[in-house]
$ cat final.cif   # mmCIF, C-alpha atoms
data_run
#
loop_
_atom_site.label_atom_id
_atom_site.label_comp_id
_atom_site.auth_asym_id
_atom_site.auth_seq_id
_atom_site.Cartn_x
_atom_site.Cartn_y
_atom_site.Cartn_z
CA ASN A 81 180.49 89.43 76.17
CA VAL A 82 177.92 92.21 75.71
CA GLY A 83 175.96 91.33 78.84
CA ASN A 84 173.02 93.69 79.36
CA GLN A 85 174.63 96.65 77.59
CA THR A 86 172.58 98.86 75.30
CA LEU A 87 174.38 99.23 71.99
CA ALA A 88 171.83 100.95 69.78
CA ASN A 89 173.00 101.66 66.21
CA ARG A 90 176.29 99.88 66.79
CA ILE A 91 177.86 96.88 65.09
CA ILE A 92 179.14 94.28 67.52
CA VAL A 93 182.34 92.39 66.64
CA CYS A 94 183.05 89.23 68.61
CA ASN A 95 184.59 85.78 68.39
CA GLU A 96 182.27 82.84 68.01
CA ASN A 97 181.63 81.00 71.26
CA VAL A 98 181.44 77.38 70.15
CA SER A 99 180.00 76.27 73.50
CA ILE A 100 176.79 78.29 73.05
CA GLY A 101 176.60 78.37 69.25
CA SER A 102 176.30 81.20 66.75
CA ARG A 103 172.49 81.29 66.87
CA LEU A 104 172.42 82.15 70.58
CA GLN A 105 175.13 84.76 70.10
CA VAL A 106 173.04 86.41 67.40
CA GLN A 107 170.06 86.50 69.77
CA GLN A 108 172.19 88.07 72.48
CA ALA A 109 173.49 90.75 70.10
CA LYS A 110 169.96 91.49 68.91
CA SER A 111 168.76 91.93 72.51
CA THR A 112 171.23 94.81 73.05
CA GLY A 113 169.61 96.90 70.33
CA ALA A 114 172.71 96.66 68.11
CA ALA A 115 172.33 97.26 64.39
CA ALA A 116 174.32 94.18 63.30
CA LEU A 117 176.84 91.54 64.35
CA VAL A 118 180.21 90.56 62.91
CA LEU A 119 181.02 87.05 64.09
CA ILE A 120 184.63 85.87 63.76
CA THR A 121 184.71 82.11 63.30
CA GLU A 122 186.77 79.29 61.88
CA LYS A 123 183.80 76.98 61.49
CA LEU A 124 182.94 76.08 57.92
CA LEU A 125 179.67 77.87 57.28
CA GLU A 126 177.42 76.96 54.41
CA GLU A 127 174.88 79.48 53.22
CA GLN A 128 171.96 77.44 54.52
CA ASP A 129 173.41 77.86 58.03
CA THR A 130 173.06 81.62 57.86
CA ILE A 131 169.96 82.54 55.87
CA LYS A 132 167.54 81.83 58.74
CA PHE A 133 168.82 84.63 60.98
CA GLN A 134 166.33 87.50 61.34
CA PHE A 135 169.18 89.89 62.16
CA PRO A 136 172.07 91.32 60.07
CA VAL A 137 175.10 89.07 60.58
CA ALA A 138 178.45 88.81 58.81
CA PHE A 139 180.59 85.70 59.32
CA ILE A 140 184.29 86.59 59.05
CA SER A 141 187.34 84.33 59.02
CA SER A 142 189.81 84.86 61.86
CA LYS A 143 192.48 85.85 59.32
CA HIS A 144 190.67 89.23 59.07
CA GLN A 145 190.35 89.62 62.84
CA ALA A 146 193.52 91.70 63.32
CA ALA A 147 192.61 94.16 60.56
CA ILE A 148 189.14 94.73 62.00
CA LYS A 149 190.40 95.23 65.55
CA ASN A 150 193.22 97.54 64.42
CA TYR A 151 190.76 99.72 62.53
CA ALA A 152 188.38 99.86 65.50
CA SER A 153 191.16 100.78 67.96
CA ILE A 154 192.62 103.49 65.71
CA LYS A 155 189.26 105.10 65.01
CA GLU A 156 188.00 104.59 68.57
CA ASN A 157 184.46 106.06 68.63
CA ASN A 158 184.59 107.20 65.01
CA ALA A 159 184.80 103.77 63.38
CA THR A 160 182.10 103.15 60.76
CA ALA A 161 180.97 100.08 58.89
CA LYS A 162 178.09 98.76 56.83
CA LEU A 163 176.80 95.32 55.86
CA GLU A 164 175.53 94.67 52.35
CA PHE A 165 173.77 91.65 50.96
CA ARG A 166 176.08 89.68 48.72
CA LYS A 167 175.21 90.00 45.07
CA THR A 168 175.45 87.20 42.50
CA VAL A 169 179.07 86.18 42.01
CA ILE A 170 180.19 84.62 38.72
CA GLY A 171 183.44 82.95 37.74
CA THR A 172 184.06 81.37 41.14
CA LYS A 173 186.28 78.28 41.26
CA PRO A 174 185.64 75.44 41.68
CA ALA A 175 182.12 75.47 40.29
CA PRO A 176 179.99 73.50 40.46
CA GLU A 177 181.07 72.09 43.81
CA VAL A 178 179.65 69.06 45.62
CA ASP A 179 178.15 69.99 49.00
CA ARG A 180 178.93 68.16 52.25
CA TYR A 181 175.54 66.45 52.54
CA SER A 182 175.98 64.53 49.27
CA SER A 183 177.12 60.90 49.64
CA ARG A 184 180.45 59.90 48.13
CA GLY A 185 181.52 56.73 46.39
CA PRO A 186 182.82 54.19 45.76
CA PHE A 187 180.08 51.56 45.68
CA THR A 188 181.64 49.22 48.25
CA SER A 189 179.78 46.10 47.10
CA PHE A 190 180.85 46.56 43.47
CA PRO A 191 183.63 49.18 43.18
CA GLN A 192 183.67 48.77 39.38
CA ILE A 193 180.16 50.28 39.19
CA LEU A 194 180.25 54.07 39.30
CA LYS A 195 178.48 55.60 42.29
CA PRO A 196 177.05 58.17 42.68
CA ASP A 197 175.37 58.26 39.26
CA ILE A 198 174.95 61.94 38.52
CA LEU A 199 175.25 65.46 39.97
CA ALA A 200 172.39 67.97 39.97
CA PRO A 201 171.63 71.30 41.72
CA GLY A 202 170.61 70.78 45.34
CA THR A 203 171.75 73.71 47.49
CA LEU A 204 169.42 76.64 48.23
CA ILE A 205 166.89 75.73 45.57
CA LEU A 206 163.87 78.04 45.36
CA SER A 207 161.01 75.59 45.77
CA ALA A 208 157.26 75.51 46.25
CA TRP A 209 156.29 75.51 49.93
CA PRO A 210 153.00 74.94 51.78
CA PRO A 211 151.65 78.45 52.55
CA VAL A 212 150.35 77.35 55.97
CA LYS A 213 153.87 76.47 57.20
CA PRO A 214 156.23 79.32 58.26
CA VAL A 215 159.44 79.81 56.30
CA ALA A 216 161.04 82.06 58.93
CA GLY A 217 160.20 84.49 61.71
CA THR A 218 159.60 83.88 65.37
CA ARG A 219 157.03 81.91 67.34
CA THR A 220 154.92 85.04 67.86
CA ARG A 221 155.51 86.55 64.40
CA PRO A 222 155.86 83.75 61.81
CA LEU A 223 156.53 84.59 58.17
CA TYR A 224 154.65 82.70 55.47
CA SER A 225 155.33 82.27 51.77
CA GLY A 226 154.45 79.99 48.89
CA PHE A 227 158.16 79.44 48.26
CA ASN A 228 161.22 78.60 50.33
CA LEU A 229 164.94 78.02 49.87
CA LEU A 230 165.58 74.31 50.44
CA THR A 231 168.76 72.23 50.44
CA GLY A 232 169.52 68.53 50.09
CA THR A 233 169.65 65.59 47.72
CA SER A 234 165.85 65.73 47.76
CA MET A 235 166.21 69.01 45.86
CA ALA A 236 168.60 67.47 43.33
CA ALA A 237 166.29 64.51 42.66
CA PRO A 238 163.46 66.58 41.08
CA HIS A 239 165.96 68.12 38.67
CA VAL A 240 166.94 64.67 37.41
CA ALA A 241 163.33 63.46 37.41
CA GLY A 242 162.40 66.42 35.23
CA VAL A 243 165.17 65.59 32.78
CA ALA A 244 163.99 61.96 32.68
CA ALA A 245 160.43 63.13 31.95
CA LEU A 246 161.76 65.30 29.12
CA ILE A 247 163.56 62.31 27.59
CA LYS A 248 160.44 60.12 27.83
CA GLN A 249 158.38 62.80 26.10
CA VAL A 250 160.69 62.60 23.07
CA HIS A 251 161.68 58.90 23.24
CA ARG A 252 158.50 57.22 24.47
CA ASP A 253 159.74 53.68 23.82
CA TRP A 254 162.93 54.03 25.88
CA SER A 255 163.33 51.89 28.99
CA PRO A 256 164.41 53.32 32.39
CA SER A 257 167.90 51.96 31.71
CA ALA A 258 168.06 53.81 28.39
CA VAL A 259 166.91 57.03 30.05
CA LYS A 260 169.51 56.65 32.80
CA SER A 261 172.19 55.93 30.22
CA ALA A 262 171.34 59.08 28.26
CA ILE A 263 171.55 61.20 31.40
CA MET A 264 174.90 59.76 32.48
CA THR A 265 176.70 59.59 29.12
CA THR A 266 175.85 63.22 28.26
CA ALA A 267 176.78 64.67 31.67
CA VAL A 268 179.38 67.41 31.91
CA THR A 269 182.50 65.63 33.17
CA LEU A 270 183.99 67.03 36.35
CA ASP A 271 187.06 66.29 38.47
CA ASN A 272 186.12 63.71 41.11
CA PRO A 273 183.94 60.77 39.99
CA LEU A 274 183.61 59.52 43.58
CA ALA A 275 181.74 62.75 44.36
CA VAL A 276 180.03 63.69 41.09
CA GLY A 277 179.56 60.31 39.40
CA ALA A 278 179.30 60.72 35.63
CA GLY A 279 179.23 64.50 36.06
CA GLN A 280 176.72 67.34 36.14
CA VAL A 281 173.42 66.65 34.39
CA SER A 282 173.15 68.43 31.02
CA VAL A 283 169.61 69.24 29.89
CA ASN A 284 170.73 70.37 26.44
CA ARG A 285 172.38 67.09 25.39
CA VAL A 286 170.22 64.32 26.85
CA LEU A 287 167.73 64.16 23.95
CA ASP A 288 170.40 63.11 21.47
CA PRO A 289 172.96 61.07 23.41
CA GLY A 290 174.15 58.95 20.48
CA LEU A 291 175.08 55.60 22.02
CA ILE A 292 172.94 54.37 24.92
CA TYR A 293 173.33 51.33 27.16
CA ASP A 294 169.91 49.68 27.41
CA THR A 295 170.77 47.39 30.33
CA THR A 296 168.35 44.51 30.98
CA PRO A 297 167.71 42.45 34.15
CA GLN A 298 169.59 39.58 32.51
CA ASP A 299 172.65 41.79 32.17
CA PHE A 300 172.64 42.33 35.95
CA ILE A 301 172.22 38.59 36.55
CA ASN A 302 175.17 37.87 34.28
CA PHE A 303 177.22 40.45 36.13
CA LEU A 304 176.43 38.92 39.52
CA CYS A 305 177.19 35.40 38.30
CA ASN A 306 180.54 36.62 37.05
CA GLU A 307 181.47 37.91 40.50
CA GLU A 308 183.09 34.86 42.12
CA LYS A 309 183.20 36.53 45.52
CA LYS A 310 179.44 36.94 45.67
CA SER A 311 177.44 34.17 47.29
CA ARG A 312 174.82 32.07 45.51
CA LYS A 313 172.30 33.37 48.05
CA LEU A 314 172.84 36.95 46.85
CA ILE A 315 172.57 35.92 43.21
CA ASN A 316 169.31 34.05 43.88
#
$ encode --input "final.cif" --output "structure tokens"
Amino acid sequence: NVGNQTLANRIIVCNENVSIGSRLQVQQAKSTGAAALVLITEKLLEEQDTIKFQFPVAFISSKHQAAIKNYASIKENNATAKLEFRKTVIGTKPAPEVDRYSSRGPFTSFPQILKPDILAPGTLILSAWPPVKPVAGTRTRPLYSGFNLLTGTSMAAPHVAGVAALIKQVHRDWSPSAVKSAIMTTAVTLDNPLAVGAGQVSVNRVLDPGLIYDTTPQDFINFLCNEEKKSRKLIN
């Protein structure tokens, strides 16, 4: 609890107070004049939870808490630290990884049909943004930009739509079912089909998929009629 202390040029280290939330704690730390905040937390933090803070913050797992406190107590007033922006990290495992907001299968009505269909990039996508709407800042000092980092399945959908448009440019006579088939059968297979569907979309292979399944409306009717558990009303 920093209260009304003035902590200019200092880095505050504290445990996350779940009852008030990390955002309010960051505001409190900023009000003291501190240079940065190290917040010790066990809450699973995704990057999109942290990028909106207009104040240097590091989120640290509690397993590092003892080491930080020991260093601070040994050094007393001579402890030093610095926060650096994380650079691009390659070779992380598992990658790609399905984010929490993405729906999982199976398709409860027809478990034998694979759902979801496909996986595409959707987290922190650099996207066009209306320049009259703030991307960050405060109420008195908003920050504007023509681009913003956005997250969600609505960011994954344009990736797949772009791939579909590319296929149609080359194969103009293909039906939507044929396009979907090409996207799914050429996907990069990953571990959990209930999370990733057929796999991660592959732009390099969709134009020449080999075999495609050009499913027709009659095929779906035949499938429904074959399902004895489904009512005639649903089939109609």
$ atom_distance --input "final.cif" --atom1 "atom CA of Lys213 of chain A" --atom2 "atom CA of Phe135 of chain A"
21.0 Å
$ resolve_selection --input "final.cif" --expression "the PyMOL selection byres ((chain A and resi 296) around 10)" --output "mmCIF file with C-alpha atoms, in the frame of the given file"
data_model
loop_
_atom_site.group_PDB
_atom_site.id
_atom_site.type_symbol
_atom_site.label_atom_id
_atom_site.label_comp_id
_atom_site.auth_asym_id
_atom_site.auth_seq_id
_atom_site.Cartn_x
_atom_site.Cartn_y
_atom_site.Cartn_z
ATOM 1 C CA SER A 255 163.330 51.890 28.990
ATOM 2 C CA PRO A 256 164.410 53.320 32.390
ATOM 3 C CA SER A 257 167.900 51.960 31.710
ATOM 4 C CA ALA A 258 168.060 53.810 28.390
ATOM 5 C CA TYR A 293 173.330 51.330 27.160
ATOM 6 C CA ASP A 294 169.910 49.680 27.410
ATOM 7 C CA THR A 295 170.770 47.390 30.330
ATOM 8 C CA PRO A 297 167.710 42.450 34.150
ATOM 9 C CA GLN A 298 169.590 39.580 32.510
ATOM 10 C CA ASP A 299 172.650 41.790 32.170
ATOM 11 C CA PHE A 300 172.640 42.330 35.950
ATOM 12 C CA ILE A 301 172.220 38.590 36.550
#
$ residues_around --input "final.cif" --residues "Val283 of chain A" --least-positions-apart "5" --cutoff "10 Å" --atoms "all atoms listed in the file" --output "PyMOL selection string"
chain A and resi 239-240+242-244+246-247+263+266-267
$ resolve_selection --input "final.cif" --expression "the PyMOL selection byres ((chain A and resi 269-279) around 9)" --output "list in words"
Pro176, Glu177, Val178, Ser182, Ser183, Arg184, Gly185, Pro186, Phe187, Leu194, Lys195, Pro196, Asp197, Ile198, Leu199, Ala200, Ile263, Met264, Thr265, Thr266, Ala267, Val268, Gln280, Val281 and Ser282 of chain A
$ residues_around --input "final.cif" --residues "Lys123 of chain A" --least-positions-apart "5" --cutoff "10 Å" --atoms "only C-alpha atoms" --output "PyMOL selection string"
chain A and resi 96+98+139-142
$ resolve_selection --input "final.cif" --expression "the PyMOL selection byres ((chain A and resi 145) around 12)" --output "list in words"
Val93, Cys94, Asn95, Glu96, Val118, Leu119, Ile120, Thr121, Glu122, Phe139, Ile140, Ser141, Ser142, Lys143, His144, Ala146, Ala147, Ile148, Lys149, Asn150, Tyr151 and Ala152 of chain A
$ closest_residue --input "final.cif" --among "A:Ile292, A:Val286, A:Cys305, A:Ala245" --to "Ser261 of chain A" --atoms "all atoms listed in the file"
A:Ile292
$ atom_distance --input "final.cif" --atom1 "atom CA of Leu117 of chain A" --atom2 "atom CA of Glu156 of chain A"
17.7 Å
$ atom_distance --input "final.cif" --atom1 "atom CA of Ala208 of chain A" --atom2 "atom CA of Gln134 of chain A"
21.3 Å
$ closest_residue --input "final.cif" --among "A:Thr220, A:Pro238, A:Glu307, A:Leu287" --to "Trp254 of chain A" --atoms "all atoms listed in the file"
A:Leu287
$ residues_around --input "final.cif" --residues "Trp209 of chain A" --least-positions-apart "4" --cutoff "12 Å" --atoms "all atoms listed in the file" --output "JSON, numbers by chain"
{"A": [205, 213, 214, 215, 224, 225, 226, 227, 228, 229, 230]}
$ closest_residue --input "final.cif" --among "A:Asn284, A:Val250, A:Gly290, A:Val137" --to "Ala262 of chain A" --atoms "only C-alpha atoms"
A:Gly290
$ closest_residue --input "final.cif" --among "A:Thr112, A:Gln192, A:Gln249, A:Thr203" --to "Ser234 of chain A" --atoms "all atoms listed in the file"
A:Thr203
$ closest_residue --input "final.cif" --among "A:Thr188, A:Ser153, A:Thr86, A:Ser207" --to "Gln108 of chain A" --atoms "all atoms listed in the file"
A:Thr86
$ closest_residue --input "final.cif" --among "A:Gly232, A:Pro222, A:Pro174, A:Gly217" --to "Pro201 of chain A" --atoms "only C-alpha atoms"
A:Gly232
$ build_atoms --input "final.cif" --residues "segment 103-114 of chain A" --atoms "all heavy atoms" --output "mmCIF file, keeping the file's coordinate frame"
data_model
loop_
_atom_site.group_PDB
_atom_site.id
_atom_site.type_symbol
_atom_site.label_atom_id
_atom_site.label_comp_id
_atom_site.auth_asym_id
_atom_site.auth_seq_id
_atom_site.Cartn_x
_atom_site.Cartn_y
_atom_site.Cartn_z
ATOM 1 N N ARG A 103 173.882 80.830 66.842
ATOM 2 C CA ARG A 103 172.490 81.290 66.870
ATOM 3 C C ARG A 103 172.170 82.022 68.167
ATOM 4 O O ARG A 103 171.512 83.063 68.157
ATOM 5 C CB ARG A 103 171.551 80.099 66.668
ATOM 6 C CG ARG A 103 170.109 80.486 66.415
ATOM 7 C CD ARG A 103 169.302 79.290 65.963
ATOM 8 N NE ARG A 103 169.768 78.783 64.687
ATOM 9 C CZ ARG A 103 169.365 79.265 63.503
ATOM 10 N NH1 ARG A 103 168.507 80.271 63.461
ATOM 11 N NH2 ARG A 103 169.823 78.742 62.382
ATOM 12 N N LEU A 104 172.655 81.490 69.302
ATOM 13 C CA LEU A 104 172.420 82.150 70.580
ATOM 14 C C LEU A 104 173.174 83.465 70.655
ATOM 15 O O LEU A 104 172.671 84.453 71.217
ATOM 16 C CB LEU A 104 172.823 81.232 71.730
ATOM 17 C CG LEU A 104 172.570 81.770 73.144
ATOM 18 C CD1 LEU A 104 171.105 82.148 73.334
ATOM 19 C CD2 LEU A 104 172.996 80.746 74.193
ATOM 20 N N GLN A 105 174.377 83.512 70.100
ATOM 21 C CA GLN A 105 175.130 84.760 70.100
ATOM 22 C C GLN A 105 174.414 85.840 69.307
ATOM 23 O O GLN A 105 174.409 87.013 69.686
ATOM 24 C CB GLN A 105 176.537 84.533 69.529
ATOM 25 C CG GLN A 105 177.499 83.907 70.525
ATOM 26 C CD GLN A 105 178.905 83.832 69.971
ATOM 27 O OE1 GLN A 105 179.241 82.913 69.248
ATOM 28 N NE2 GLN A 105 179.720 84.806 70.317
ATOM 29 N N VAL A 106 173.803 85.449 68.197
ATOM 30 C CA VAL A 106 173.040 86.410 67.400
ATOM 31 C C VAL A 106 171.864 86.943 68.210
ATOM 32 O O VAL A 106 171.572 88.143 68.213
ATOM 33 C CB VAL A 106 172.548 85.757 66.091
ATOM 34 C CG1 VAL A 106 171.580 86.681 65.366
ATOM 35 C CG2 VAL A 106 173.728 85.438 65.185
ATOM 36 N N GLN A 107 171.183 86.071 68.936
ATOM 37 C CA GLN A 107 170.060 86.500 69.770
ATOM 38 C C GLN A 107 170.511 87.469 70.854
ATOM 39 O O GLN A 107 169.833 88.458 71.148
ATOM 40 C CB GLN A 107 169.379 85.279 70.378
ATOM 41 C CG GLN A 107 168.682 84.381 69.365
ATOM 42 C CD GLN A 107 168.146 83.105 69.995
ATOM 43 O OE1 GLN A 107 168.398 82.823 71.173
ATOM 44 N NE2 GLN A 107 167.420 82.312 69.217
ATOM 45 N N GLN A 108 171.672 87.183 71.448
ATOM 46 C CA GLN A 108 172.190 88.070 72.480
ATOM 47 C C GLN A 108 172.523 89.447 71.918
ATOM 48 O O GLN A 108 172.230 90.479 72.534
ATOM 49 C CB GLN A 108 173.426 87.451 73.125
ATOM 50 C CG GLN A 108 173.134 86.238 74.001
ATOM 51 C CD GLN A 108 174.391 85.615 74.563
ATOM 52 O OE1 GLN A 108 175.485 85.818 74.038
ATOM 53 N NE2 GLN A 108 174.247 84.841 75.641
ATOM 54 N N ALA A 109 173.152 89.472 70.735
ATOM 55 C CA ALA A 109 173.490 90.750 70.100
ATOM 56 C C ALA A 109 172.234 91.534 69.764
ATOM 57 O O ALA A 109 172.158 92.755 69.966
ATOM 58 C CB ALA A 109 174.317 90.488 68.842
ATOM 59 N N LYS A 110 171.223 90.826 69.270
ATOM 60 C CA LYS A 110 169.960 91.490 68.910
ATOM 61 C C LYS A 110 169.300 92.109 70.130
ATOM 62 O O LYS A 110 168.713 93.194 70.062
ATOM 63 C CB LYS A 110 169.034 90.471 68.250
ATOM 64 C CG LYS A 110 167.742 91.062 67.722
ATOM 65 C CD LYS A 110 166.909 89.991 67.048
ATOM 66 C CE LYS A 110 165.592 90.575 66.523
ATOM 67 N NZ LYS A 110 164.765 89.522 65.875
ATOM 68 N N SER A 111 169.412 91.444 71.295
ATOM 69 C CA SER A 111 168.760 91.930 72.510
ATOM 70 C C SER A 111 169.365 93.227 73.025
ATOM 71 O O SER A 111 168.741 93.942 73.819
ATOM 72 C CB SER A 111 168.831 90.860 73.605
ATOM 73 O OG SER A 111 170.174 90.675 74.044
ATOM 74 N N THR A 112 170.592 93.575 72.598
ATOM 75 C CA THR A 112 171.230 94.810 73.050
ATOM 76 C C THR A 112 170.766 96.020 72.265
ATOM 77 O O THR A 112 171.107 97.143 72.613
ATOM 78 C CB THR A 112 172.763 94.712 72.909
ATOM 79 O OG1 THR A 112 173.107 94.653 71.512
ATOM 80 C CG2 THR A 112 173.301 93.481 73.626
ATOM 81 N N GLY A 113 170.020 95.794 71.186
ATOM 82 C CA GLY A 113 169.610 96.900 70.330
ATOM 83 C C GLY A 113 170.615 97.241 69.255
ATOM 84 O O GLY A 113 170.472 98.246 68.555
ATOM 85 N N ALA A 114 171.675 96.410 69.122
ATOM 86 C CA ALA A 114 172.710 96.660 68.110
ATOM 87 C C ALA A 114 172.118 96.588 66.709
ATOM 88 O O ALA A 114 171.077 95.959 66.477
ATOM 89 C CB ALA A 114 173.839 95.666 68.264
#
